[in-house]
Amino acid sequence: MIVTHCMDGVRQAALELMKESLGAADVERQLDNLCAQDADEATLAKVIPVRTMADGFYSYAAHILWMRKMIASNVEISVLADEAEGLCAIEDAVHEFERDHPPCPKCGKRQYSSTAMRCRNGRCGMDFRKQR
Amino acid sequence: MEAETAKHATSGPSKDALNFLLEEEEPKTLLMLDEPRVIPIREGKRDYTFYFRRILQTDWLNYFNGLYLATRNDGTSQLNTTDFNTAGIELFEATVTKVVGYSRELTTAADFKKVLPRHSAPVAGLLRSVFISEVEDDKPLDCDSVETLIDAHWSQTTSPGQITQYKGLVHRFMPPDVEQRKRYMRGGAISRVVGGTRKGATTVYSLRNKLLLQLYDELIQSVEGYGVAGKPLESIEDIRREMDGYHKAEAVAQLFNTQPEAAAAEAA
């Protein structure tokens, strides 16, 4: 199967890429700590987010995310039919991501979950329970 | 651009030993693209010399079409499969014209099949011996063009056992536009997934080398250090027609801050 023909795969890969991006700083910090403790490869692997799709979907999703950014910046760029389908799939993924990871109303940092109790930004630390 | 001769060690019959001899020679100024290529190697005490016809763009396209790059996730690890040797040996067999050093001189297509893979694979690698240059200069920068530099091994010159390395071969390009960058990115993003869509499936990647040849022809403005028929290569039409395909791919890939997949995988 050619990756441009499977929009479900592209949507899922884009969603996972956005989630990886959300947690990238924390993952890097955890990896640094584990490396400092001489952790074995299996332990390090547990920290890295699990990808559920074949690799090719992530490359194509990254290409479509780049195109989306260009279009959002008003750069005129040609769009092929499969890329247009990809852009629609990515929009679905973006909406799902934004719903599941709402931003803190105070500092704007996206949260790991829509039911988080407190802002994950240490400097903000807003208590969301008071808002509910 | 400068040219210098490479030093070649001699040793036993291992692949590492397929190196060259060093002999002092007056450096050539221009890399003459239309000269037949001659690659000498030494294995143990024996010298072998491989003569090639000019490698044309169609030969390089066939080579690029034969490359294979795939990945597969197995649990938490990723298995990468690359095959550049098969295409390299096919390129070797399609372009070699004479081999000296075996019990008799090999001159026919049937003979060339008899060349040992431990010879043909590294010699095919030397035909693709092109690298990003580390030569630095302090020339003024032209805002309307982007310059990339490559180093390359090319061919034996007058003395046996000697191969010339050209350093700082210059390619000047127009800056790529957003459409060209998009084509480049798309070229690396298209792949085929075999065995379902989930992570256990194998991804077979498209390689961008053919696209790089097109981008080169669209963007090239001038080159330095190359020649044809004893004269420097100057007009854009001549450059498009005469430039070696592998040099094109390597030079233009630098515009996009990367190496072509083939060269990157070989370097790894």
# chains A, B, ... in the order shown; residues from 1 in each chain; ligands from 1

$ interface_residues --of "chain A" --to "chain B" --cutoff "7 Å" --atoms "only C-alpha atoms" --output "list in words"
Met1, Ile2, Val3, Gly9, Ala45, Arg51, Thr52, Met53, Ala54, Asp55, Gly56, Ser59, Tyr60, His63 and Ile77 of chain A

$ select_by_dssp --residues "chain A" --states "alpha helix (DSSP H)" --output "VMD selection string"
chain A and resid 7 to 36 41 to 47 55 to 72 81 to 100

$ write_last_selection --atoms "C-alpha atoms" --output "short mmCIF file (atom, residue, chain, number, x, y, z; two decimals), in the first residue's frame"
data_model
loop_
_atom_site.label_atom_id
_atom_site.label_comp_id
_atom_site.auth_asym_id
_atom_site.auth_seq_id
_atom_site.Cartn_x
_atom_site.Cartn_y
_atom_site.Cartn_z
CA MET A 7 -5.65 8.68 5.11
CA ASP A 8 -6.50 6.89 8.37
CA GLY A 9 -2.85 5.99 8.68
CA VAL A 10 -1.74 9.55 7.92
CA ARG A 11 -4.22 10.97 10.48
CA GLN A 12 -3.07 8.54 13.17
CA ALA A 13 0.62 9.22 12.44
CA ALA A 14 0.06 12.99 12.55
CA LEU A 15 -1.76 12.65 15.88
CA GLU A 16 1.12 10.63 17.32
CA LEU A 17 3.68 13.11 16.00
CA MET A 18 1.84 15.96 17.72
CA LYS A 19 1.65 13.98 20.97
CA GLU A 20 5.37 13.22 20.71
CA SER A 21 6.04 16.89 20.21
CA LEU A 22 3.94 17.74 23.28
CA GLY A 23 6.00 15.46 25.51
CA ALA A 24 9.37 15.83 23.77
CA ALA A 25 10.98 18.03 26.44
CA ASP A 26 9.92 15.68 29.26
CA VAL A 27 11.11 12.60 27.34
CA GLU A 28 14.46 14.23 26.71
CA ARG A 29 14.83 15.10 30.40
CA GLN A 30 13.96 11.53 31.40
CA LEU A 31 16.44 10.13 28.90
CA ASP A 32 19.17 12.44 30.20
CA ASN A 33 18.48 11.26 33.76
CA LEU A 34 18.48 7.59 32.76
CA CYS A 35 21.68 7.97 30.74
CA ALA A 36 23.31 9.60 33.76
CA GLU A 41 18.65 0.01 26.41
CA ALA A 42 15.41 -1.70 27.43
CA THR A 43 14.81 0.90 30.14
CA LEU A 44 15.55 3.76 27.76
CA ALA A 45 13.19 2.27 25.16
CA LYS A 46 10.32 2.33 27.69
CA VAL A 47 10.58 6.12 27.92
CA ASP A 55 7.34 4.25 9.55
CA GLY A 56 6.29 5.53 6.15
CA PHE A 57 3.18 7.19 7.56
CA TYR A 58 5.24 9.42 9.85
CA SER A 59 7.41 10.73 6.99
CA TYR A 60 4.36 11.56 4.92
CA ALA A 61 2.48 13.09 7.87
CA ALA A 62 5.53 15.28 8.58
CA HIS A 63 5.50 16.43 4.93
CA ILE A 64 1.79 17.31 5.14
CA LEU A 65 2.30 19.10 8.47
CA TRP A 66 5.05 21.16 6.79
CA MET A 67 2.67 22.00 3.94
CA ARG A 68 -0.07 22.95 6.42
CA LYS A 69 2.32 25.37 8.11
CA MET A 70 3.30 26.90 4.76
CA ILE A 71 -0.34 27.37 3.76
CA ALA A 72 -1.15 28.86 7.20
CA ALA A 81 -4.83 15.60 -4.84
CA ASP A 82 -3.32 13.18 -2.34
CA GLU A 83 -1.81 16.07 -0.42
CA ALA A 84 -5.25 17.74 -0.24
CA GLU A 85 -6.64 14.52 1.22
CA GLY A 86 -3.72 14.48 3.61
CA LEU A 87 -4.40 18.05 4.70
CA CYS A 88 -8.01 17.09 5.52
CA ALA A 89 -6.82 14.06 7.50
CA ILE A 90 -4.33 16.26 9.36
CA GLU A 91 -7.10 18.74 10.25
CA ASP A 92 -9.04 15.89 11.88
CA ALA A 93 -5.91 14.92 13.80
CA VAL A 94 -5.33 18.53 14.89
CA HIS A 95 -8.91 18.83 16.21
CA GLU A 96 -8.57 15.57 18.11
CA PHE A 97 -5.24 16.69 19.54
CA GLU A 98 -6.61 20.08 20.59
CA ARG A 99 -9.64 18.45 22.23
CA ASP A 100 -7.56 15.92 24.17
#

$ residues_around --residues "His101 (chain A)" --least-positions-apart "4" --cutoff "8 Å" --atoms "only C-alpha atoms" --output "VMD selection string"
chain A and resid 97 110 to 114

$ write_last_selection --atoms "C-alpha atoms" --output "compact mmCIF listing (two decimals), in the first residue's frame"
# COMPACT_ATOMS: atom_id res chain seq x y z
CA PHE A 97 -5.24 16.69 19.54
CA ARG A 110 -1.03 22.38 26.38
CA GLN A 111 -1.80 19.70 28.96
CA TYR A 112 -1.22 15.97 28.72
CA SER A 113 -4.88 15.30 29.42
CA SER A 114 -8.23 17.08 29.27

$ atom_distance --atom1 "CA of Ser103 (chain B)" --atom2 "CA of Arg54 (chain B)"
25.7 Å

$ decode --residues "region 78-174 of chain B" --atoms "C-alpha atoms" --output "PDB file, in the first residue's frame"
ATOM      1  CA  GLN B  78      13.982  -0.606  14.137  1.00  0.00           C
ATOM      2  CA  LEU B  79      15.461  -2.822  11.455  1.00  0.00           C
ATOM      3  CA  ASN B  80      16.862  -0.964   8.463  1.00  0.00           C
ATOM      4  CA  THR B  81      17.541  -2.783   5.207  1.00  0.00           C
ATOM      5  CA  THR B  82      19.659  -1.152   2.554  1.00  0.00           C
ATOM      6  CA  ASP B  83      21.005  -2.594  -0.658  1.00  0.00           C
ATOM      7  CA  PHE B  84      23.368  -0.436  -2.647  1.00  0.00           C
ATOM      8  CA  ASN B  85      25.801  -3.183  -3.633  1.00  0.00           C
ATOM      9  CA  THR B  86      23.508  -4.926  -6.108  1.00  0.00           C
ATOM     10  CA  ALA B  87      22.867  -1.730  -8.041  1.00  0.00           C
ATOM     11  CA  GLY B  88      26.568  -0.895  -7.778  1.00  0.00           C
ATOM     12  CA  ILE B  89      27.626  -4.230  -9.247  1.00  0.00           C
ATOM     13  CA  GLU B  90      25.054  -3.828 -12.038  1.00  0.00           C
ATOM     14  CA  LEU B  91      26.501  -0.400 -12.789  1.00  0.00           C
ATOM     15  CA  PHE B  92      29.978  -1.949 -12.809  1.00  0.00           C
ATOM     16  CA  GLU B  93      28.958  -4.697 -15.237  1.00  0.00           C
ATOM     17  CA  ALA B  94      27.138  -2.257 -17.523  1.00  0.00           C
ATOM     18  CA  THR B  95      30.009   0.181 -17.863  1.00  0.00           C
ATOM     19  CA  VAL B  96      33.255  -1.794 -17.541  1.00  0.00           C
ATOM     20  CA  THR B  97      35.037  -2.332 -20.858  1.00  0.00           C
ATOM     21  CA  LYS B  98      38.245  -4.123 -19.893  1.00  0.00           C
ATOM     22  CA  VAL B  99      39.786  -5.758 -16.824  1.00  0.00           C
ATOM     23  CA  VAL B 100      43.508  -6.392 -16.566  1.00  0.00           C
ATOM     24  CA  GLY B 101      45.129  -8.456 -13.832  1.00  0.00           C
ATOM     25  CA  TYR B 102      43.299 -11.768 -13.976  1.00  0.00           C
ATOM     26  CA  SER B 103      44.909 -14.747 -15.746  1.00  0.00           C
ATOM     27  CA  ARG B 104      43.791 -13.205 -19.026  1.00  0.00           C
ATOM     28  CA  GLU B 105      42.438  -9.852 -20.086  1.00  0.00           C
ATOM     29  CA  LEU B 106      38.658  -9.689 -19.657  1.00  0.00           C
ATOM     30  CA  THR B 107      36.874  -7.844 -22.446  1.00  0.00           C
ATOM     31  CA  THR B 108      33.371  -9.289 -22.945  1.00  0.00           C
ATOM     32  CA  ALA B 109      30.106  -8.985 -21.024  1.00  0.00           C
ATOM     33  CA  ALA B 110      30.297 -12.694 -20.180  1.00  0.00           C
ATOM     34  CA  ASP B 111      33.807 -12.174 -18.812  1.00  0.00           C
ATOM     35  CA  PHE B 112      32.747  -9.307 -16.590  1.00  0.00           C
ATOM     36  CA  LYS B 113      30.290 -11.588 -14.768  1.00  0.00           C
ATOM     37  CA  LYS B 114      33.378 -13.517 -13.635  1.00  0.00           C
ATOM     38  CA  VAL B 115      34.897 -10.559 -11.817  1.00  0.00           C
ATOM     39  CA  LEU B 116      34.873 -11.372  -8.127  1.00  0.00           C
ATOM     40  CA  PRO B 117      32.310  -9.404  -6.088  1.00  0.00           C
ATOM     41  CA  ARG B 118      35.088  -8.555  -3.641  1.00  0.00           C
ATOM     42  CA  HIS B 119      36.607  -6.604  -6.536  1.00  0.00           C
ATOM     43  CA  SER B 120      33.520  -5.299  -8.330  1.00  0.00           C
ATOM     44  CA  ALA B 121      31.720  -4.017  -5.215  1.00  0.00           C
ATOM     45  CA  PRO B 122      34.557  -1.777  -3.957  1.00  0.00           C
ATOM     46  CA  VAL B 123      35.455  -0.642  -7.492  1.00  0.00           C
ATOM     47  CA  ALA B 124      31.790   0.283  -8.045  1.00  0.00           C
ATOM     48  CA  GLY B 125      32.065   2.182  -4.758  1.00  0.00           C
ATOM     49  CA  LEU B 126      35.051   4.104  -6.118  1.00  0.00           C
ATOM     50  CA  LEU B 127      33.021   5.093  -9.186  1.00  0.00           C
ATOM     51  CA  ARG B 128      30.679   6.762  -6.686  1.00  0.00           C
ATOM     52  CA  SER B 129      33.448   8.255  -4.616  1.00  0.00           C
ATOM     53  CA  VAL B 130      32.039  11.761  -4.142  1.00  0.00           C
ATOM     54  CA  PHE B 131      31.980  13.633  -0.837  1.00  0.00           C
ATOM     55  CA  ILE B 132      30.906  16.955   0.583  1.00  0.00           C
ATOM     56  CA  SER B 133      34.045  19.070   0.468  1.00  0.00           C
ATOM     57  CA  GLU B 134      35.719  20.419   3.545  1.00  0.00           C
ATOM     58  CA  VAL B 135      37.638  22.973   1.513  1.00  0.00           C
ATOM     59  CA  GLU B 136      36.900  26.463   2.798  1.00  0.00           C
ATOM     60  CA  ASP B 137      37.497  29.715   1.025  1.00  0.00           C
ATOM     61  CA  ASP B 138      37.132  33.377   1.857  1.00  0.00           C
ATOM     62  CA  LYS B 139      35.659  34.466  -1.463  1.00  0.00           C
ATOM     63  CA  PRO B 140      32.831  37.015  -1.302  1.00  0.00           C
ATOM     64  CA  LEU B 141      29.356  35.545  -1.097  1.00  0.00           C
ATOM     65  CA  ASP B 142      26.930  36.002  -4.001  1.00  0.00           C
ATOM     66  CA  CYS B 143      23.411  36.578  -2.701  1.00  0.00           C
ATOM     67  CA  ASP B 144      21.854  35.389  -5.966  1.00  0.00           C
ATOM     68  CA  SER B 145      23.490  31.997  -6.009  1.00  0.00           C
ATOM     69  CA  VAL B 146      24.296  29.179  -3.636  1.00  0.00           C
ATOM     70  CA  GLU B 147      27.651  27.475  -3.976  1.00  0.00           C
ATOM     71  CA  THR B 148      28.246  23.865  -3.019  1.00  0.00           C
ATOM     72  CA  LEU B 149      31.604  22.109  -3.069  1.00  0.00           C
ATOM     73  CA  ILE B 150      32.388  18.452  -3.491  1.00  0.00           C
ATOM     74  CA  ASP B 151      35.504  16.287  -3.526  1.00  0.00           C
ATOM     75  CA  ALA B 152      35.762  13.295  -5.835  1.00  0.00           C
ATOM     76  CA  HIS B 153      38.014  10.439  -6.838  1.00  0.00           C
ATOM     77  CA  TRP B 154      37.841  10.046 -10.561  1.00  0.00           C
ATOM     78  CA  SER B 155      40.347   8.024 -12.505  1.00  0.00           C
ATOM     79  CA  GLN B 156      43.887   6.798 -12.836  1.00  0.00           C
ATOM     80  CA  THR B 157      46.006   9.295 -14.669  1.00  0.00           C
ATOM     81  CA  THR B 158      49.219   8.615 -16.509  1.00  0.00           C
ATOM     82  CA  SER B 159      51.091   6.476 -14.006  1.00  0.00           C
ATOM     83  CA  PRO B 160      49.816   3.024 -13.063  1.00  0.00           C
ATOM     84  CA  GLY B 161      48.402   2.577  -9.586  1.00  0.00           C
ATOM     85  CA  GLN B 162      47.616   6.232  -9.149  1.00  0.00           C
ATOM     86  CA  ILE B 163      44.227   7.857  -8.850  1.00  0.00           C
ATOM     87  CA  THR B 164      43.517  11.539  -8.685  1.00  0.00           C
ATOM     88  CA  GLN B 165      41.380  13.149  -6.045  1.00  0.00           C
ATOM     89  CA  TYR B 166      39.771  16.437  -6.966  1.00  0.00           C
ATOM     90  CA  LYS B 167      38.998  18.758  -4.093  1.00  0.00           C
ATOM     91  CA  GLY B 168      36.648  21.698  -3.948  1.00  0.00           C
ATOM     92  CA  LEU B 169      34.757  21.143  -7.203  1.00  0.00           C
ATOM     93  CA  VAL B 170      32.356  24.069  -7.338  1.00  0.00           C
ATOM     94  CA  HIS B 171      28.661  23.980  -8.327  1.00  0.00           C
ATOM     95  CA  ARG B 172      26.695  27.261  -8.262  1.00  0.00           C
ATOM     96  CA  PHE B 173      22.917  27.134  -8.081  1.00  0.00           C
ATOM     97  CA  MET B 174      19.991  29.494  -8.017  1.00  0.00           C
TER      98      MET B 174
END
